[in-house]
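A.B. asks: Here you go, entry.txt (compact mmCIF, C-alpha atoms):
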# COMPACT_ATOMS: atom_id res chain seq x y z
CA MET A 83 -1.13 -7.29 -41.17
CA THR A 84 -1.59 -8.32 -37.57
CA LEU A 85 0.49 -9.25 -34.53
CA ASP A 86 -0.02 -12.67 -32.97
CA VAL A 87 0.75 -14.50 -29.74
CA ALA A 88 4.26 -15.29 -30.99
CA TRP A 89 4.86 -11.55 -31.24
CA ALA A 90 3.74 -11.08 -27.65
CA VAL A 91 6.09 -13.80 -26.44
CA ASP A 92 8.94 -12.35 -28.47
CA TRP A 93 8.19 -8.85 -27.09
CA VAL A 94 8.40 -10.15 -23.55
CA ARG A 95 11.65 -12.04 -24.17
CA ARG A 96 13.22 -9.03 -25.88
CA SER A 97 12.10 -6.82 -22.98
CA ALA A 98 13.81 -9.17 -20.54
CA GLN A 99 16.97 -9.11 -22.62
CA ALA A 100 16.96 -5.31 -22.86
CA VAL A 101 16.40 -4.91 -19.13
CA ALA A 102 19.25 -7.34 -18.41
CA GLU A 103 21.59 -5.50 -20.78
CA HIS A 104 20.69 -2.12 -19.29
CA ARG A 105 20.49 -3.29 -15.69
CA ASP A 106 23.52 -1.33 -14.53
CA GLU A 107 22.42 1.79 -16.37
CA LEU A 108 18.99 1.65 -14.70
CA VAL A 109 20.58 1.05 -11.32
CA GLU A 110 22.80 4.09 -11.80
CA LEU A 111 19.92 6.31 -12.98
CA ASP A 112 17.88 5.27 -9.95
CA ARG A 113 20.82 5.73 -7.60
CA GLN A 114 21.03 9.36 -8.68
CA ILE A 115 17.44 10.26 -7.83
CA GLY A 116 15.83 7.24 -6.15
CA ASP A 117 16.75 4.27 -4.03
CA GLY A 118 18.93 2.57 -6.63
CA ASP A 119 16.93 -0.62 -7.01
CA HIS A 120 15.10 -0.13 -10.31
CA GLY A 121 17.55 -2.05 -12.51
CA GLU A 122 17.97 -4.85 -10.02
CA ASN A 123 14.24 -5.16 -9.33
CA LEU A 124 13.15 -5.07 -12.95
CA ASN A 125 15.82 -7.54 -13.98
CA ARG A 126 14.72 -9.94 -11.26
CA GLY A 127 11.11 -9.55 -12.40
CA PHE A 128 11.72 -10.13 -16.10
CA THR A 129 14.07 -13.03 -15.37
CA ALA A 130 11.19 -14.64 -13.49
CA VAL A 131 8.84 -13.87 -16.39
CA VAL A 132 11.13 -15.65 -18.86
CA ALA A 133 11.38 -18.64 -16.54
CA LYS A 134 7.58 -18.84 -16.48
CA LEU A 135 7.39 -18.59 -20.26
CA ASP A 136 9.96 -21.38 -20.56
CA ALA A 137 7.91 -23.54 -18.23
CA LEU A 138 4.70 -23.21 -20.26
CA GLU A 139 3.67 -26.51 -21.78
CA GLU A 140 1.81 -24.94 -24.64
CA THR A 141 1.65 -21.50 -26.23
CA PRO A 142 -1.23 -19.44 -24.84
CA ALA A 143 -4.20 -18.91 -27.13
CA GLU A 144 -4.54 -15.18 -26.69
CA ILE A 145 -2.15 -12.24 -26.47
CA GLY A 146 -3.81 -11.24 -23.21
CA ASP A 147 -2.77 -14.58 -21.68
CA VAL A 148 0.88 -13.73 -22.24
CA LEU A 149 0.50 -10.22 -20.87
CA LYS A 150 -1.35 -11.47 -17.80
CA LEU A 151 1.49 -13.87 -17.04
CA VAL A 152 3.87 -10.90 -17.26
CA ALA A 153 1.62 -8.82 -14.98
CA THR A 154 1.24 -11.31 -12.18
CA THR A 155 4.90 -12.33 -12.28
CA LEU A 156 6.18 -8.75 -12.16
CA MET A 157 3.85 -7.93 -9.28
CA SER A 158 5.12 -10.92 -7.33
CA THR A 159 8.82 -10.62 -7.98
CA VAL A 160 9.87 -7.01 -8.61
CA GLY A 161 9.67 -5.79 -5.01
CA GLY A 162 9.76 -2.04 -5.73
CA ALA A 163 7.19 0.39 -7.11
CA ALA A 164 7.89 -0.84 -10.64
CA GLY A 165 6.19 -4.14 -9.72
CA PRO A 166 2.67 -2.83 -9.13
CA LEU A 167 3.09 -0.12 -11.78
CA TYR A 168 4.22 -2.35 -14.65
CA GLY A 169 2.10 -5.15 -13.23
CA THR A 170 -1.04 -3.04 -13.44
CA ALA A 171 -0.03 -1.77 -16.90
CA PHE A 172 0.33 -5.32 -18.25
CA LEU A 173 -2.81 -6.44 -16.47
CA ARG A 174 -4.93 -3.70 -18.02
CA ALA A 175 -3.24 -4.36 -21.35
CA ALA A 176 -4.09 -8.06 -20.98
CA LYS A 177 -7.76 -7.27 -20.46
CA ALA A 178 -7.71 -5.14 -23.63
CA THR A 179 -6.10 -7.90 -25.70
CA ALA A 180 -8.14 -11.04 -25.04
CA VAL A 181 -7.73 -11.98 -28.71
CA PRO A 182 -5.34 -14.16 -30.73
CA GLU A 183 -4.28 -11.32 -33.06
CA LEU A 184 -3.98 -7.53 -32.92
CA ASP A 185 -4.52 -5.04 -35.71
CA THR A 186 -3.29 -1.47 -35.39
CA LYS A 187 -6.33 -0.41 -33.39
CA GLY A 188 -5.64 -3.32 -31.08
CA VAL A 189 -2.09 -2.08 -30.55
CA VAL A 190 -3.43 1.35 -29.66
CA ALA A 191 -5.91 -0.21 -27.24
CA LEU A 192 -3.09 -2.18 -25.62
CA LEU A 193 -0.95 0.92 -25.08
CA GLU A 194 -3.85 3.05 -23.88
CA ALA A 195 -4.89 0.40 -21.38
CA ALA A 196 -1.32 0.09 -20.09
CA LEU A 197 -1.03 3.85 -19.67
CA GLU A 198 -4.36 3.95 -17.88
CA GLY A 199 -3.17 1.25 -15.50
CA ILE A 200 -0.04 3.18 -14.62
CA VAL A 201 -1.96 6.40 -14.10
CA VAL A 202 -4.56 4.68 -11.90
CA ARG A 203 -1.94 2.89 -9.82
CA GLY A 204 0.65 5.65 -9.53
CA LYS A 205 -1.77 8.61 -9.50
CA ALA A 206 0.77 10.51 -11.59
CA ARG A 207 0.26 12.89 -14.50
CA THR A 208 2.60 14.02 -17.24
CA GLY A 209 5.33 16.42 -16.18
CA GLU A 210 5.97 14.78 -12.81
CA LYS A 211 9.13 12.99 -13.99
CA THR A 212 7.77 9.45 -14.00
CA MET A 213 7.18 6.65 -16.49
CA VAL A 214 3.92 8.39 -17.39
CA ASP A 215 6.08 10.89 -19.32
CA ALA A 216 7.17 8.09 -21.65
CA TRP A 217 3.91 6.11 -21.82
CA THR A 218 1.69 9.10 -22.61
CA PRO A 219 3.47 10.27 -25.79
CA ALA A 220 3.91 6.62 -26.83
CA SER A 221 0.21 5.97 -26.59
CA GLU A 222 -0.62 9.20 -28.41
CA ALA A 223 1.90 8.52 -31.18
CA ALA A 224 0.46 5.06 -31.77
CA ALA A 225 -3.05 6.51 -31.98
CA ALA A 226 -1.91 9.15 -34.45
CA ALA A 227 -0.15 6.52 -36.56
CA SER A 228 -3.28 4.39 -36.50
CA ASP A 229 -5.38 7.30 -37.73
CA ALA A 230 -2.89 7.77 -40.55
CA GLY A 231 -3.35 4.15 -41.62
CA ALA A 232 -0.15 2.68 -40.17
CA SER A 233 0.49 -1.04 -39.75
CA PRO A 234 0.80 -2.46 -36.21
CA ALA A 235 4.59 -2.53 -36.60
CA GLN A 236 4.65 1.11 -37.72
CA ALA A 237 2.42 2.13 -34.82
CA LEU A 238 4.76 0.42 -32.35
CA GLU A 239 7.78 2.03 -34.01
CA ALA A 240 6.13 5.44 -33.57
CA ALA A 241 5.29 4.60 -29.94
CA ALA A 242 8.88 3.52 -29.20
CA GLN A 243 10.31 6.69 -30.71
CA ALA A 244 7.85 8.85 -28.77
CA ALA A 245 8.71 7.00 -25.55
CA ALA A 246 12.41 7.67 -26.18
CA ASP A 247 11.73 11.37 -26.73
CA GLY A 248 9.47 11.46 -23.69
CA ALA A 249 12.15 9.83 -21.54
CA GLN A 250 14.77 12.36 -22.66
CA ALA A 251 12.30 15.15 -21.86
CA THR A 252 12.20 14.06 -18.21
CA ILE A 253 15.81 15.19 -17.71
CA PRO A 254 15.13 18.85 -16.88
CA LEU A 255 11.99 18.08 -14.87
CA VAL A 256 11.71 18.35 -11.10
CA ALA A 257 10.13 15.17 -9.71
CA THR A 258 6.87 15.59 -7.80
CA LYS A 259 5.89 11.90 -7.56
CA GLY A 260 7.71 8.83 -6.35
CA ARG A 261 10.90 8.48 -4.37
CA ALA A 262 12.70 11.11 -6.51
CA SER A 263 10.27 13.77 -5.26
CA TYR A 264 12.06 13.73 -1.89
CA LEU A 265 15.01 15.34 -3.69
CA GLY A 266 12.94 18.30 -4.90
CA GLU A 267 14.98 20.64 -7.14
CA ARG A 268 17.96 18.31 -7.02
CA SER A 269 16.05 15.76 -9.11
CA ALA A 270 16.38 18.06 -12.16
CA GLY A 271 19.16 17.17 -14.60
CA HIS A 272 18.63 13.41 -14.36
CA LEU A 273 16.84 10.99 -16.66
CA ASP A 274 13.95 9.26 -14.92
CA PRO A 275 14.73 5.53 -14.62
CA GLY A 276 11.09 4.48 -15.03
CA ALA A 277 10.76 6.51 -18.22
CA ARG A 278 14.00 4.92 -19.47
CA SER A 279 12.80 1.38 -18.76
CA THR A 280 9.50 2.19 -20.49
CA GLU A 281 11.50 3.24 -23.54
CA LEU A 282 13.39 -0.08 -23.48
CA ILE A 283 10.21 -2.14 -23.19
CA LEU A 284 8.42 -0.31 -26.01
CA GLN A 285 11.53 -0.57 -28.19
CA ALA A 286 11.40 -4.31 -27.61
CA ALA A 287 7.74 -4.34 -28.71
CA ALA A 288 8.64 -2.53 -31.94
CA GLN A 289 11.63 -4.78 -32.64
CA ALA A 290 9.51 -7.90 -32.13
CA ALA A 291 7.02 -6.57 -34.70
CA ALA A 292 9.60 -5.46 -37.26
CA MET B 85 -4.09 -16.15 18.92
CA SER B 86 -6.11 -15.85 22.09
CA GLU B 87 -8.53 -18.45 23.29
CA ARG B 88 -11.36 -16.13 22.28
CA GLU B 89 -12.60 -15.70 18.76
CA PRO B 90 -10.60 -12.95 17.02
CA ALA B 91 -12.19 -9.53 16.58
CA PRO B 92 -14.29 -9.03 13.41
CA VAL B 93 -11.70 -6.69 11.89
CA ALA B 94 -8.13 -7.88 11.28
CA LEU B 95 -5.08 -5.79 10.35
CA VAL B 96 -2.51 -6.40 7.63
CA LEU B 97 0.74 -4.48 8.12
CA VAL B 98 2.69 -4.06 4.88
CA SER B 99 6.23 -2.76 5.06
CA HIS B 100 9.33 -2.70 2.88
CA SER B 101 11.08 -4.35 5.79
CA ARG B 102 10.18 -7.72 7.23
CA THR B 103 11.46 -6.74 10.67
CA LEU B 104 9.52 -3.47 10.62
CA ALA B 105 6.27 -5.26 9.76
CA GLU B 106 6.85 -7.94 12.38
CA GLY B 107 7.83 -5.32 14.96
CA ALA B 108 4.65 -3.36 14.33
CA VAL B 109 2.62 -6.54 14.75
CA GLU B 110 4.40 -7.24 18.02
CA LEU B 111 3.82 -3.72 19.30
CA ALA B 112 0.16 -3.52 18.32
CA GLY B 113 -0.45 -7.10 19.46
CA GLN B 114 0.70 -6.33 22.99
CA MET B 115 -2.11 -3.81 23.24
CA ALA B 116 -4.77 -5.76 21.36
CA PRO B 117 -4.27 -9.49 21.89
CA GLY B 118 -7.72 -10.34 20.54
CA VAL B 119 -7.08 -8.97 17.05
CA LEU B 120 -5.67 -10.96 14.15
CA LEU B 121 -2.55 -9.02 13.09
CA LEU B 122 -0.63 -10.13 10.02
CA ALA B 123 2.80 -8.93 8.91
CA ALA B 124 3.65 -8.75 5.21
CA GLY B 125 7.09 -7.18 5.07
CA GLY B 126 10.03 -7.42 2.70
CA THR B 127 10.53 -9.40 -0.48
CA GLU B 128 10.32 -13.17 -0.82
CA ASP B 129 14.04 -13.53 -0.17
CA GLY B 130 13.91 -11.29 2.90
CA GLY B 131 15.27 -8.17 1.19
CA LEU B 132 13.83 -4.65 1.29
CA GLY B 133 10.72 -4.26 -0.84
CA THR B 134 7.17 -5.54 -0.95
CA SER B 135 5.92 -8.90 -2.14
CA PHE B 136 2.60 -9.14 -3.95
CA ASP B 137 2.28 -12.79 -2.92
CA ALA B 138 2.99 -12.10 0.74
CA VAL B 139 0.46 -9.26 0.85
CA GLU B 140 -2.12 -11.34 -1.00
CA ALA B 141 -1.64 -14.26 1.38
CA ALA B 142 -1.97 -11.99 4.41
CA VAL B 143 -5.13 -10.35 3.07
CA THR B 144 -6.64 -13.74 2.30
CA GLN B 145 -5.93 -14.96 5.81
CA ALA B 146 -7.18 -11.69 7.31
CA VAL B 147 -10.61 -11.86 5.69
CA ALA B 148 -11.14 -15.58 6.28
CA ASP B 149 -14.07 -16.58 8.52
CA GLY B 150 -16.04 -13.53 7.42
CA ARG B 151 -13.71 -10.93 8.91
CA SER B 152 -12.99 -7.52 7.40
CA ALA B 153 -9.49 -6.06 7.28
CA VAL B 154 -7.66 -2.76 7.35
CA VAL B 155 -4.30 -2.61 5.57
CA LEU B 156 -1.57 -0.26 6.74
CA ALA B 157 1.44 0.31 4.50
CA ASP B 158 4.65 2.24 4.94
CA LEU B 159 6.30 3.78 1.85
CA GLY B 160 4.81 4.34 -1.62
CA SER B 161 5.32 0.99 -3.27
CA ALA B 162 3.89 -0.87 -0.28
CA VAL B 163 0.70 1.12 -0.86
CA LEU B 164 0.81 0.37 -4.59
CA THR B 165 1.28 -3.33 -3.93
CA ALA B 166 -1.59 -3.42 -1.45
CA GLU B 167 -3.86 -1.64 -3.93
CA SER B 168 -2.84 -4.04 -6.69
CA VAL B 169 -3.70 -7.01 -4.51
CA LEU B 170 -7.18 -5.59 -3.90
CA ASP B 171 -7.61 -4.85 -7.60
CA LEU B 172 -7.03 -8.50 -8.40
CA ALA B 173 -8.88 -9.89 -5.42
CA ASP B 174 -12.34 -11.39 -5.53
CA PRO B 175 -14.82 -8.46 -5.37
CA ASP B 176 -16.35 -9.97 -2.23
CA VAL B 177 -12.92 -9.86 -0.56
CA ALA B 178 -12.01 -6.40 -1.86
CA ALA B 179 -15.28 -5.01 -0.49
CA ARG B 180 -14.25 -6.00 3.01
CA VAL B 181 -10.75 -4.51 2.92
CA ARG B 182 -9.61 -0.89 3.22
CA VAL B 183 -6.13 0.56 2.76
CA ALA B 184 -5.65 3.20 5.45
CA ASP B 185 -4.04 6.54 4.71
CA ALA B 186 -2.28 6.53 8.05
CA PRO B 187 1.12 6.60 9.73
CA PHE B 188 2.36 3.01 9.90
CA VAL B 189 3.13 2.47 13.59
CA GLU B 190 0.72 4.92 15.20
CA GLY B 191 -2.05 3.89 12.82
CA ALA B 192 -1.48 0.20 13.53
CA VAL B 193 -1.66 0.69 17.29
CA ALA B 194 -4.76 2.87 17.15
CA ALA B 195 -6.51 0.56 14.70
CA ALA B 196 -5.61 -2.56 16.68
CA VAL B 197 -6.97 -1.25 19.94
CA THR B 198 -10.15 -0.04 18.26
CA ALA B 199 -10.56 -3.40 16.55
CA HIS B 200 -10.04 -5.16 19.88
CA GLY B 201 -13.13 -3.40 21.19
CA GLY B 202 -15.15 -5.10 18.47
CA ALA B 203 -15.50 -2.03 16.27
CA ASP B 204 -16.60 -2.35 12.65
CA LEU B 205 -14.46 -1.77 9.55
CA GLU B 206 -15.16 1.92 9.13
CA ARG B 207 -14.42 2.69 12.78
CA VAL B 208 -11.14 0.79 12.71
CA LEU B 209 -10.18 2.59 9.51
CA ALA B 210 -11.08 5.93 11.07
CA ALA B 211 -8.99 5.13 14.15
CA ALA B 212 -5.96 4.44 11.94
CA GLU B 213 -6.42 7.55 9.86
CA HIS B 214 -7.14 9.72 12.87
CA ALA B 215 -3.84 8.59 14.39
CA GLY B 216 -2.06 10.86 11.91
CA THR B 217 -3.55 14.00 13.40
CA MET B 218 -3.06 12.79 16.96
CA PHE B 219 0.62 13.57 16.77
CA GLY B 220 0.25 16.93 15.08
CA GLY B 221 -0.07 18.83 18.36
CA ASP B 222 -3.78 19.50 18.04
CA ALA B 223 -6.04 19.13 21.05
CA PRO B 224 -7.87 15.80 21.20
CA PRO B 225 -10.87 16.49 18.96
CA ALA B 226 -13.09 13.90 20.60
CA ALA B 227 -13.36 16.03 23.74
CA SER B 228 -15.72 18.36 21.94
CA ALA B 229 -18.05 15.46 21.26
CA PHE B 230 -19.18 15.67 24.87
CA GLU B 231 -19.90 19.39 24.86
CA GLY B 232 -23.41 20.38 25.77
CA ALA B 233 -24.09 17.14 27.58
CA VAL B 234 -22.16 17.98 30.73
CA ASP B 235 -25.17 19.24 32.68
CA ASP B 236 -27.34 16.18 32.43
CA GLY B 237 -26.45 12.66 33.40
CA VAL B 238 -22.66 12.96 33.66
CA VAL B 239 -21.14 10.62 36.21
CA ARG B 240 -17.91 11.98 37.67
CA GLY B 241 -15.04 10.53 39.63
CA ALA B 242 -11.38 11.08 40.40
CA VAL B 243 -8.51 8.74 41.09
CA VAL B 244 -4.75 9.08 41.51
CA LEU B 245 -2.36 7.08 39.35
CA ARG B 246 -0.30 4.69 41.45
CA ASN B 247 1.95 2.91 38.99
CA PRO B 248 5.27 4.72 38.37
CA LEU B 249 4.99 5.01 34.60
CA GLY B 250 1.36 6.11 34.68
CA LEU B 251 -0.75 5.96 31.54
CA HIS B 252 1.91 4.62 29.18
CA ALA B 253 1.00 2.38 26.28
CA ARG B 254 0.02 -0.80 28.10
CA PRO B 255 -2.27 0.74 30.75
CA ALA B 256 -3.77 3.08 28.16
CA ALA B 257 -4.66 0.06 26.08
CA ILE B 258 -6.11 -1.70 29.12
CA VAL B 259 -8.33 1.30 29.83
CA ALA B 260 -9.51 1.69 26.24
CA ARG B 261 -10.20 -2.02 25.94
CA MET B 262 -11.98 -2.29 29.24
CA LEU B 263 -14.23 0.69 28.52
CA ALA B 264 -15.22 -0.76 25.16
CA GLY B 265 -17.20 -3.30 27.18
CA PHE B 266 -19.52 -0.64 28.64
CA ASP B 267 -22.31 1.28 26.97
CA ALA B 268 -20.80 4.60 28.04
CA LYS B 269 -18.72 7.48 26.76
CA VAL B 270 -15.87 8.23 29.12
CA ARG B 271 -13.46 11.15 29.31
CA VAL B 272 -10.29 11.21 31.36
CA ASN B 273 -8.90 14.73 31.93
CA GLY B 274 -10.83 15.75 28.83
CA ALA B 275 -9.40 13.02 26.62
CA ASN B 276 -11.56 10.37 24.99
CA ALA B 277 -10.81 7.28 27.09
CA ALA B 278 -11.70 4.98 24.19
CA SER B 279 -8.60 6.25 22.37
CA VAL B 280 -5.26 4.80 23.44
CA LEU B 281 -3.44 7.60 21.71
CA GLU B 282 -5.40 10.34 23.46
CA LEU B 283 -4.83 8.68 26.82
CA MET B 284 -1.10 8.36 26.16
CA LYS B 285 -0.94 11.96 25.04
CA LEU B 286 -2.11 13.09 28.49
CA GLY B 287 1.36 12.18 29.70
CA ALA B 288 -0.11 11.32 33.11
CA THR B 289 2.45 9.72 35.46
CA GLU B 290 2.48 8.48 39.06
CA GLY B 291 0.69 10.85 41.41
CA ALA B 292 -1.34 12.53 38.68
CA GLU B 293 -5.04 12.88 39.36
CA LEU B 294 -7.35 11.55 36.70
CA ARG B 295 -10.71 13.29 36.49
CA ILE B 296 -13.28 10.94 35.04
CA GLU B 297 -16.48 11.98 33.33
CA ALA B 298 -18.81 9.31 32.00
CA GLU B 299 -22.10 9.40 30.14
CA GLY B 300 -24.52 6.76 28.98
CA PRO B 301 -26.59 3.90 30.39
CA GLN B 302 -23.55 2.23 32.01
CA ALA B 303 -21.68 5.42 32.95
CA ALA B 304 -21.42 4.56 36.64
CA GLU B 305 -20.22 1.02 35.99
CA ALA B 306 -17.62 2.28 33.54
CA ARG B 307 -16.37 4.86 36.02
CA ASP B 308 -16.15 2.31 38.82
CA ALA B 309 -14.27 -0.16 36.67
CA LEU B 310 -11.83 2.52 35.61
CA VAL B 311 -11.26 3.70 39.16
CA ALA B 312 -10.65 0.12 40.25
CA ALA B 313 -8.14 -0.53 37.48
CA VAL B 314 -6.21 2.64 38.27
CA ASP B 315 -6.28 1.84 41.96
CA GLU B 316 -4.78 -1.55 41.27
CA GLY B 317 -1.94 0.15 39.44
CA PHE B 318 -2.64 -1.92 36.30
CA GLY B 319 -0.80 -4.79 37.92
CA GLU B 320 2.43 -2.77 37.92
CA VAL B 321 2.66 -1.95 41.63
What's the structure tokens form of this structure?
C.D. replies:
Amino acid sequence: MTLDVAWAVDWVRRSAQAVAEHRDELVELDRQIGDGDHGENLNRGFTAVVAKLDALEETPAEIGDVLKLVATTLMSTVGGAAGPLYGTAFLRAAKATAVPELDTKGVVALLEAALEGIVVRGKARTGEKTMVDAWTPASEAAAAASDAGASPAQALEAAAQAAADGAQATIPLVATKGRASYLGERSAGHLDPGARSTELILQAAAQAAA
Amino acid sequence: MSEREPAPVALVLVSHSRTLAEGAVELAGQMAPGVLLLAAGGTEDGGLGTSFDAVEAAVTQAVADGRSAVVLADLGSAVLTAESVLDLADPDVAARVRVADAPFVEGAVAAAVTAHGGADLERVLAAAEHAGTMFGGDAPPAASAFEGAVDDGVVRGAVVLRNPLGLHARPAAIVARMLAGFDAKVRVNGANAASVLELMKLGATEGAELRIEAEGPQAAEARDALVAAVDEGFGEV
């Protein structure tokens, strides 16, 4: 069983829908510990991505083509830190998926490349209350599922669940990277908005594969 | 730009705010009219944030005609956007661009004046990054660069400031720019006269005596030019 370009397109559309539905929640999370623009910015970015997908005259040949369109559009339209962070994640993921179909190992490679992109761009590690705290367990869970012989859909399901757990685990953390770090101790007790949006995007990936 | 060819190093000023980026260009441009300064501030619709496309366009324009460029950015995501642009840029372009780890306004002014003197990429970058320590209360470090050379070949002079505001930003930039044209190292009251920020930090106002020490093949010419400029009150008297 493999995932094809149609899956990638569906993932992106579902991500856009999830971000739109949770826009206000993301805004509120970011207002508590950041500058309050995460929901607005990400929604603007994914709305632009969907418009670009709609304007395509033919379906791209490779999964990486879809992810590169997402990357460049998010970088251009998001406006906040999420633009270069998700943009770099999708760009690295695109380079790792220059193929028409993905098996489970391909899914793992996609997630690992995305995580690497975020780490390179944001210079963050786990435990700093950022989206890295959702991406890292997601990538690891997919790799573990792959080793256990999981299908691509099962690997994505494991990644989505791990991202959700990782996001919840950011609540007690004190932020040491990003705008929330200016709050110091007061950032504890809040869910990190970037970790939450990561959870939404990886959930969308799993749902598109189910 | 000026009628002359722009300096070999351009600056790209990336801010979350369009007005902040444009203001920094205006401020630095007053002191370094021969440098190509490009503002990339705010989102496409003029809101607060950074635009990948605007930064990319500014970098592309900055490095045209074989120039190099130093990028200064304000808050975190402006830095991330600038780095993303360079990641995606043609390797030949990326190799000629540096993102400075520097305070936005002070770094832009210091880098612009250094670039105006025709300095290369690494020196302009260093000027921007050094600007951060200039405001930390430390003594001007460049003064020590002259130590040990005082006994041989130092040309000295003294002149009294005549313009009311003394060595404020504009005259400091005039001095630094003018001295860049001489093959000489010049100190004014111990400060490196090639550095606008060090000159400004002297806080010298009308009536203050400037003690000039110059070294190098054109030390005397540099001293004389400096004395003449001060005597003329930088056109402000």
A.B. asks: Identify every residue of chain B that has at least one atom within 8 Å of any atom of chain A, counting all atoms listed in the file, and report the result as number ranges by chain.
C.D. replies: B: 126-128, 132-137, 160-162, 164-165, 167-168
A.B. asks: For Gly265 (chain B), list every protein, DNA or RNA residue within 8 Å, evaluated using all atoms listed in the file, and leave out those in the same chain fewer than 3 positions away; present the list as a VMD selection string.
C.D. replies: chain B and resid 201 261 to 262
A.B. asks: Name the closest residue to Val169 (chain B) among the candidates B:Arg182, B:Arg151, B:Arg271, B:His200; distances are taken between atoms, counting all atoms listed in the file.
C.D. replies: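 Going through B:Arg182, B:Arg151, B:Arg271, B:His200 one by one, the smallest distance to Val169 (chain B) is for B:Arg182.
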A.B. asks: Return the single residue from B:Val189, B:Ala153, B:Val321, B:Ala199 that is closest to Val177 (chain B), with distances computed using all atoms listed in the file.
C.D. replies: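 Using all atoms listed in the file, the shortest distance to Val177 (chain B) belongs to B:Ala153.
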A.B. asks: Between CA of Thr218 (chain A) and CA of Asp92 (chain A), what distance in Å does the model show, to one decimal?
C.D. replies: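 Taking CA of Thr218 (chain A) and CA of Asp92 (chain A), their separation equals 23.4 Å.
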A.B. asks: Extract, using all atoms listed in the file, all DNA, RNA and protein residues at most 12 Å from Ala141 (chain B), discarding same-chain residues fewer than 4 positions from it, and format them as a VMD selection string.
C.D. replies: (chain A and resid 158) or (chain B and resid 96 98 122 to 125 135 to 137 145 to 148 166 169 to 170 173)
A.B. asks: Neighbours of Ala143 (chain A) within 8 Å (all atoms listed in the file; same-chain residues fewer than 6 positions away dropped), as a VMD selection string?
C.D. replies: chain A and resid 87 181 to 182
A.B. asks: Just want the 6 Å neighbourhood of Leu283 (chain B), counted on only C-alpha atoms, with same-chain residues fewer than 3 positions away dropped. Output as a ChimeraX atom specification.
C.D. replies: /B:256,280,286
A.B. asks: Between A:Met213, A:Ala226, A:Ala270, A:Val101, single out the one closest to Ile200 (chain A), counting all atoms listed in the file.
C.D. replies: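 Of A:Met213, A:Ala226, A:Ala270, A:Val101, the one nearest Ile200 (chain A), counting all atoms listed in the file, is A:Met213.
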A.B. asks: With 12 Å as the threshold, what does the neighbourhood of (22.7, -0.3, -18.0) contain in terms of residues, counting only C-alpha atoms? Coordinates are those of the file; answer as a list in words.
C.D. replies: Gln99, Ala100, Val101, Ala102, Glu103, His104, Arg105, Asp106, Glu107, Leu108, Val109, Glu110, Leu111, Asp112, His120, Gly121, Glu122, Leu124, Asn125, Pro275, Arg278, Ser279 and Leu282 of chain A
A.B. asks: Mind pulling up the distance from CA of Asn247 (chain B) to CA of Gly118 (chain B)?
C.D. replies: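 Interatomic distance, CA of Gly118 (chain B) to CA of Asn247 (chain B): 24.7 Å.
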A.B. asks: Any chance you could export region 132-164 of chain A with C-alpha atoms, as a short mmCIF file (atom, residue, chain, number, x, y, z; two decimals), in the first residue's frame?
C.D. replies:
data_model
loop_
_atom_site.label_atom_id
_atom_site.label_comp_id
_atom_site.auth_asym_id
_atom_site.auth_seq_id
_atom_site.Cartn_x
_atom_site.Cartn_y
_atom_site.Cartn_z
CA VAL A 132 -5.65 26.14 -1.57
CA ALA A 133 -6.10 28.95 -4.08
CA LYS A 134 -2.86 27.88 -5.78
CA LEU A 135 -3.95 24.25 -5.83
CA ASP A 136 -7.27 25.28 -7.38
CA ALA A 137 -5.43 27.23 -10.04
CA LEU A 138 -3.25 24.29 -11.12
CA GLU A 139 -4.07 23.19 -14.64
CA GLU A 140 -2.92 19.65 -14.10
CA THR A 141 -2.12 17.47 -11.10
CA PRO A 142 1.59 17.50 -10.27
CA ALA A 143 3.54 14.36 -11.10
CA GLU A 144 5.31 13.96 -7.78
CA ILE A 145 4.35 14.34 -4.13
CA GLY A 146 7.30 16.69 -3.70
CA ASP A 147 5.76 19.06 -6.26
CA VAL A 148 2.70 19.50 -4.07
CA LEU A 149 4.75 20.00 -0.92
CA LYS A 150 7.01 22.54 -2.64
CA LEU A 151 3.97 24.56 -3.66
CA VAL A 152 2.88 24.53 -0.01
CA ALA A 153 6.37 25.57 1.13
CA THR A 154 6.81 28.54 -1.15
CA THR A 155 3.25 29.76 -0.64
CA LEU A 156 3.45 29.59 3.16
CA MET A 157 6.78 31.41 3.14
CA SER A 158 5.31 34.17 1.01
CA THR A 159 1.99 34.65 2.72
CA VAL A 160 2.13 33.70 6.41
CA GLY A 161 4.01 36.77 7.65
CA GLY A 162 5.00 35.42 11.08
CA ALA A 163 7.60 32.89 12.21
CA ALA A 164 5.31 30.04 11.17
#
